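Visitor: Structure file protein.pdb, PDB, C-alpha atoms, pLDDT in the B column, is pasted below:
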```pdb
ATOM      1  CA  MET A 188      89.541  68.864  79.513  1.00 67.00           C
ATOM      2  CA  GLU A 189      88.010  68.280  76.092  1.00 74.00           C
ATOM      3  CA  ILE A 190      90.218  68.067  73.031  1.00 69.00           C
ATOM      4  CA  THR A 191      88.855  71.281  71.482  1.00 74.00           C
ATOM      5  CA  THR A 192      89.622  73.146  74.695  1.00 79.00           C
ATOM      6  CA  LYS A 193      93.155  71.744  74.724  1.00 75.00           C
ATOM      7  CA  ILE A 194      93.704  72.855  71.124  1.00 75.00           C
ATOM      8  CA  PHE A 195      92.340  76.336  71.902  1.00 80.00           C
ATOM      9  CA  VAL A 196      94.525  76.697  75.001  1.00 83.00           C
ATOM     10  CA  ASN A 197      97.555  75.427  73.075  1.00 78.00           C
ATOM     11  CA  SER A 198      96.952  77.933  70.281  1.00 81.00           C
ATOM     12  CA  SER A 199      96.531  80.733  72.810  1.00 85.00           C
ATOM     13  CA  LEU A 200      99.784  79.804  74.547  1.00 84.00           C
ATOM     14  CA  THR A 201     101.562  79.792  71.181  1.00 82.00           C
ATOM     15  CA  VAL A 202     100.292  83.264  70.351  1.00 85.00           C
ATOM     16  CA  LEU A 203     101.199  84.527  73.845  1.00 86.00           C
ATOM     17  CA  SER A 204     104.690  83.118  73.542  1.00 84.00           C
ATOM     18  CA  ILE A 205     105.239  84.736  70.149  1.00 84.00           C
ATOM     19  CA  ILE A 206     103.809  88.109  71.221  1.00 86.00           C
ATOM     20  CA  PHE A 207     105.871  88.261  74.399  1.00 83.00           C
ATOM     21  CA  GLY A 208     108.968  87.105  72.502  1.00 81.00           C
ATOM     22  CA  ILE A 209     108.518  90.020  70.110  1.00 84.00           C
ATOM     23  CA  ILE A 210     107.996  92.398  73.037  1.00 85.00           C
ATOM     24  CA  LEU A 211     111.198  91.113  74.643  1.00 79.00           C
ATOM     25  CA  HIS A 212     113.087  91.687  71.411  1.00 78.00           C
ATOM     26  CA  LYS A 213     111.688  95.197  70.914  1.00 83.00           C
ATOM     27  CA  THR A 214     112.272  96.390  74.494  1.00 83.00           C
ATOM     28  CA  GLY A 215     115.813  95.037  74.590  1.00 74.00           C
ATOM     29  CA  LYS A 216     118.018  94.450  77.569  1.00 70.00           C
ATOM     30  CA  PRO A 217     117.677  94.369  80.485  1.00 70.00           C
ATOM     31  CA  PHE A 218     114.642  92.148  80.021  1.00 70.00           C
ATOM     32  CA  GLN A 219     111.561  93.051  82.003  1.00 76.00           C
ATOM     33  CA  SER A 220     111.085  90.202  84.440  1.00 79.00           C
ATOM     34  CA  GLY A 221     107.291  90.017  84.039  1.00 83.00           C
ATOM     35  CA  THR A 222     107.453  89.863  80.250  1.00 81.00           C
ATOM     36  CA  PHE A 223     110.308  87.367  80.378  1.00 79.00           C
ATOM     37  CA  THR A 224     108.428  85.132  82.833  1.00 84.00           C
ATOM     38  CA  ILE A 225     105.214  85.164  80.784  1.00 85.00           C
ATOM     39  CA  HIS A 226     107.216  84.300  77.639  1.00 83.00           C
ATOM     40  CA  LYS A 227     108.937  81.355  79.348  1.00 83.00           C
ATOM     41  CA  LEU A 228     105.788  80.017  81.039  1.00 86.00           C
ATOM     42  CA  ALA A 229     103.666  80.306  77.884  1.00 86.00           C
ATOM     43  CA  THR A 230     106.354  78.488  75.899  1.00 84.00           C
ATOM     44  CA  PHE A 231     106.705  75.781  78.540  1.00 85.00           C
ATOM     45  CA  GLY A 232     102.913  75.314  78.690  1.00 86.00           C
ATOM     46  CA  PHE A 233     102.725  75.181  74.899  1.00 84.00           C
ATOM     47  CA  ILE A 234     105.406  72.481  74.754  1.00 83.00           C
ATOM     48  CA  ILE A 235     103.797  70.353  77.481  1.00 84.00           C
ATOM     49  CA  LEU A 236     100.303  70.651  76.008  1.00 82.00           C
ATOM     50  CA  THR A 237     101.608  69.857  72.524  1.00 80.00           C
ATOM     51  CA  ILE A 238     103.183  66.665  73.852  1.00 78.00           C
ATOM     52  CA  ILE A 239      99.873  65.688  75.468  1.00 78.00           C
ATOM     53  CA  LEU A 240      97.967  66.412  72.244  1.00 77.00           C
ATOM     54  CA  MET A 241     100.459  64.464  70.117  1.00 75.00           C
ATOM     55  CA  ILE A 242     100.172  61.448  72.406  1.00 73.00           C
ATOM     56  CA  HIS A 243      96.376  61.674  72.303  1.00 73.00           C
ATOM     57  CA  PHE A 244      96.182  61.951  68.510  1.00 70.00           C
ATOM     58  CA  SER A 245      98.902  59.432  67.727  1.00 70.00           C
ATOM     59  CA  LYS A 246      97.123  56.607  69.576  1.00 70.00           C
ATOM     60  CA  ASN A 247      94.846  56.118  66.574  1.00 62.00           C
ATOM     61  CA  ASP A 248      97.596  56.341  63.976  1.00 59.00           C
ATOM     62  CA  GLY A 249     100.513  54.132  63.180  1.00 59.00           C
ATOM     63  CA  LYS A 250     103.995  55.536  63.482  1.00 64.00           C
ATOM     64  CA  THR A 251     104.643  56.527  59.872  1.00 70.00           C
ATOM     65  CA  SER A 252     108.013  57.829  58.756  1.00 72.00           C
ATOM     66  CA  LEU A 253     106.639  61.364  58.220  1.00 72.00           C
ATOM     67  CA  PHE A 254     105.212  61.432  61.740  1.00 71.00           C
ATOM     68  CA  VAL A 255     108.408  60.126  63.335  1.00 74.00           C
ATOM     69  CA  THR A 256     110.531  62.579  61.342  1.00 79.00           C
ATOM     70  CA  SER A 257     108.265  65.485  62.329  1.00 77.00           C
ATOM     71  CA  ILE A 258     108.380  64.539  65.995  1.00 77.00           C
ATOM     72  CA  SER A 259     112.171  64.141  65.886  1.00 81.00           C
ATOM     73  CA  LEU A 260     112.554  67.571  64.278  1.00 85.00           C
ATOM     74  CA  ALA A 261     110.163  69.064  66.844  1.00 82.00           C
ATOM     75  CA  ILE A 262     112.180  67.610  69.741  1.00 83.00           C
ATOM     76  CA  ALA A 263     115.428  68.935  68.285  1.00 87.00           C
ATOM     77  CA  SER A 264     113.789  72.334  67.789  1.00 87.00           C
ATOM     78  CA  VAL A 265     112.598  72.446  71.403  1.00 85.00           C
ATOM     79  CA  LEU A 266     116.114  71.714  72.623  1.00 87.00           C
ATOM     80  CA  VAL A 267     117.571  74.447  70.400  1.00 89.00           C
ATOM     81  CA  ILE A 268     114.884  76.906  71.550  1.00 84.00           C
ATOM     82  CA  ILE A 269     115.599  76.237  75.216  1.00 84.00           C
ATOM     83  CA  LEU A 270     119.381  76.401  74.819  1.00 86.00           C
ATOM     84  CA  SER A 271     119.412  79.461  72.574  1.00 85.00           C
ATOM     85  CA  GLY A 272     116.870  81.222  74.797  1.00 82.00           C
ATOM     86  CA  SER A 273     118.974  80.668  77.888  1.00 81.00           C
ATOM     87  CA  ILE A 274     122.116  81.864  76.108  1.00 84.00           C
ATOM     88  CA  LEU A 275     120.216  84.889  74.739  1.00 80.00           C
ATOM     89  CA  SER A 276     119.201  85.874  78.265  1.00 77.00           C
ATOM     90  CA  THR A 277     122.875  86.030  79.274  1.00 79.00           C
ATOM     91  CA  GLY A 278     123.698  88.321  76.360  1.00 76.00           C
ATOM     92  CA  LYS A 279     126.392  86.136  74.822  1.00 76.00           C
ATOM     93  CA  PHE A 280     126.569  85.394  71.088  1.00 78.00           C
ATOM     94  CA  GLU A 281     123.395  87.438  70.665  1.00 78.00           C
ATOM     95  CA  SER A 282     123.318  87.645  66.871  1.00 83.00           C
ATOM     96  CA  ILE A 283     123.769  83.947  66.133  1.00 88.00           C
ATOM     97  CA  MET A 284     121.614  82.825  69.079  1.00 85.00           C
ATOM     98  CA  LEU A 285     118.749  85.071  67.965  1.00 84.00           C
ATOM     99  CA  LYS A 286     118.914  83.555  64.471  1.00 90.00           C
ATOM    100  CA  LEU A 287     118.973  80.033  65.941  1.00 89.00           C
ATOM    101  CA  HIS A 288     116.095  80.852  68.301  1.00 87.00           C
ATOM    102  CA  ARG A 289     113.944  82.212  65.478  1.00 87.00           C
ATOM    103  CA  THR A 290     114.792  79.381  63.072  1.00 91.00           C
ATOM    104  CA  ALA A 291     114.093  76.709  65.680  1.00 89.00           C
ATOM    105  CA  SER A 292     110.785  78.387  66.597  1.00 86.00           C
ATOM    106  CA  VAL A 293     109.619  78.402  62.978  1.00 89.00           C
ATOM    107  CA  THR A 294     110.804  74.800  62.543  1.00 89.00           C
ATOM    108  CA  LEU A 295     108.914  73.728  65.670  1.00 85.00           C
ATOM    109  CA  LEU A 296     105.675  75.371  64.586  1.00 84.00           C
ATOM    110  CA  THR A 297     106.018  73.926  61.074  1.00 86.00           C
ATOM    111  CA  THR A 298     106.672  70.379  62.272  1.00 84.00           C
ATOM    112  CA  ILE A 299     103.791  70.548  64.736  1.00 80.00           C
ATOM    113  CA  PHE A 300     101.472  71.813  62.001  1.00 80.00           C
ATOM    114  CA  ILE A 301     102.583  69.005  59.662  1.00 79.00           C
ATOM    115  CA  SER A 302     102.157  66.398  62.417  1.00 75.00           C
ATOM    116  CA  PHE A 303      98.660  67.580  63.365  1.00 73.00           C
ATOM    117  CA  TYR A 304      97.672  67.832  59.708  1.00 75.00           C
ATOM    118  CA  LYS A 305      98.913  64.312  59.111  1.00 72.00           C
ATOM    119  CA  LEU A 306      97.116  62.968  62.170  1.00 67.00           C
ATOM    120  CA  LEU A 307      93.827  64.793  61.669  1.00 68.00           C
ATOM    121  CA  CYS A 308      93.374  65.059  57.904  1.00 71.00           C
ATOM    122  CA  LEU A 309      95.084  62.104  56.271  1.00 58.00           C
TER     123      LEU A 309
END
```
Hey, can you dump this file as structure tokens for me?

Guide:
Amino acid sequence: MEITTKIFVNSSLTVLSIIFGIILHKTGKPFQSGTFTIHKLATFGFIILTIILMIHFSKNDGKTSLFVTSISLAIASVLVIILSGSILSTGKFESIMLKLHRTASVTLLTTIFISFYKLLCL
């Protein structure tokens, strides 16, 4: 798969994940299994493809402190997203987990944007 195709697919998975996350939030509990499954699979695909893209792009670049910090923050965000998402699906600590889930999602997207910008433009 060419790099432009990978970036397009990754962007599409990101948008799908966000849209279906919003749908899940708006429809409330009990979660519709189809919507929930699409949200989880799109997020999982986005994470895997992002890792592949980061490895591909970072081969040409040295490991600068900004890049390492961005990747570390992205990894921490992924862990928080997965944990808070699984706790959200059980219905426990819903208010704080929703805030964590949203914050970690924004942090992940921001760190990925910064990393790609650093790798592609600087």

Visitor: Which polymer residues have any atom within 10 Å of an atom of Leu285 of chain A, counting all atoms listed in the file, with same-chain residues fewer than 6 positions away left out, as a VMD selection string?

Guide: chain A and resid 212 268 271 to 272 274 to 275 291

Visitor: Tell me which of A:Thr224, A:Thr230, A:Thr214, A:Ser292 sits closest to Ala261 of chain A, counting all atoms listed in the file.

Guide: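 Answer, going by the shortest atom-to-atom distance: A:Ser292.
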
Visitor: Got a sec: who's within 10 Å of segment 300-303 of chain A, counting all atoms listed in the file, leaving out chain neighbours fewer than 5 positions off, as an MDAnalysis selection string?

Guide: chainID A and resid 237 240:241 244:245 253:258 261 294:295 308:309

Visitor: Determine the residue set returned by the PyMOL selection byres ((chain A and resi 218-222) around 12) for the present structure, and present it as an MDAnalysis selection string.

Guide: chainID A and resid 203:217 223:229 275:278

Visitor: Have a look at atom CA of Ser282 of chain A and atom CA of Ile269 of chain A and let me know their distance in Å, one decimal.

Guide: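 These two atoms are separated by 16.1 Å.
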
Visitor: Report, in Å with one decimal, the straight-line distance from atom CA of Val267 of chain A to atom CA of Thr297 of chain A.

Guide: 14.9 Å

Visitor: Report the distance between atom CA of Ser252 of chain A and atom CA of Ile299 of chain A in Å, rounded to one decimal place.

Guide: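 Atom-to-atom, atom CA of Ser252 of chain A to atom CA of Ile299 of chain A, that is 14.7 Å.
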
Visitor: Compare A:Asn197, A:Thr298, A:Thr251, A:Thr290 by their minimum atom-to-atom distance to Ile234 of chain A, counting all atoms listed in the file, and give me the closest one.

Guide: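 Ranking A:Asn197, A:Thr298, A:Thr251, A:Thr290 by distance to Ile234 of chain A, first place goes to A:Asn197.
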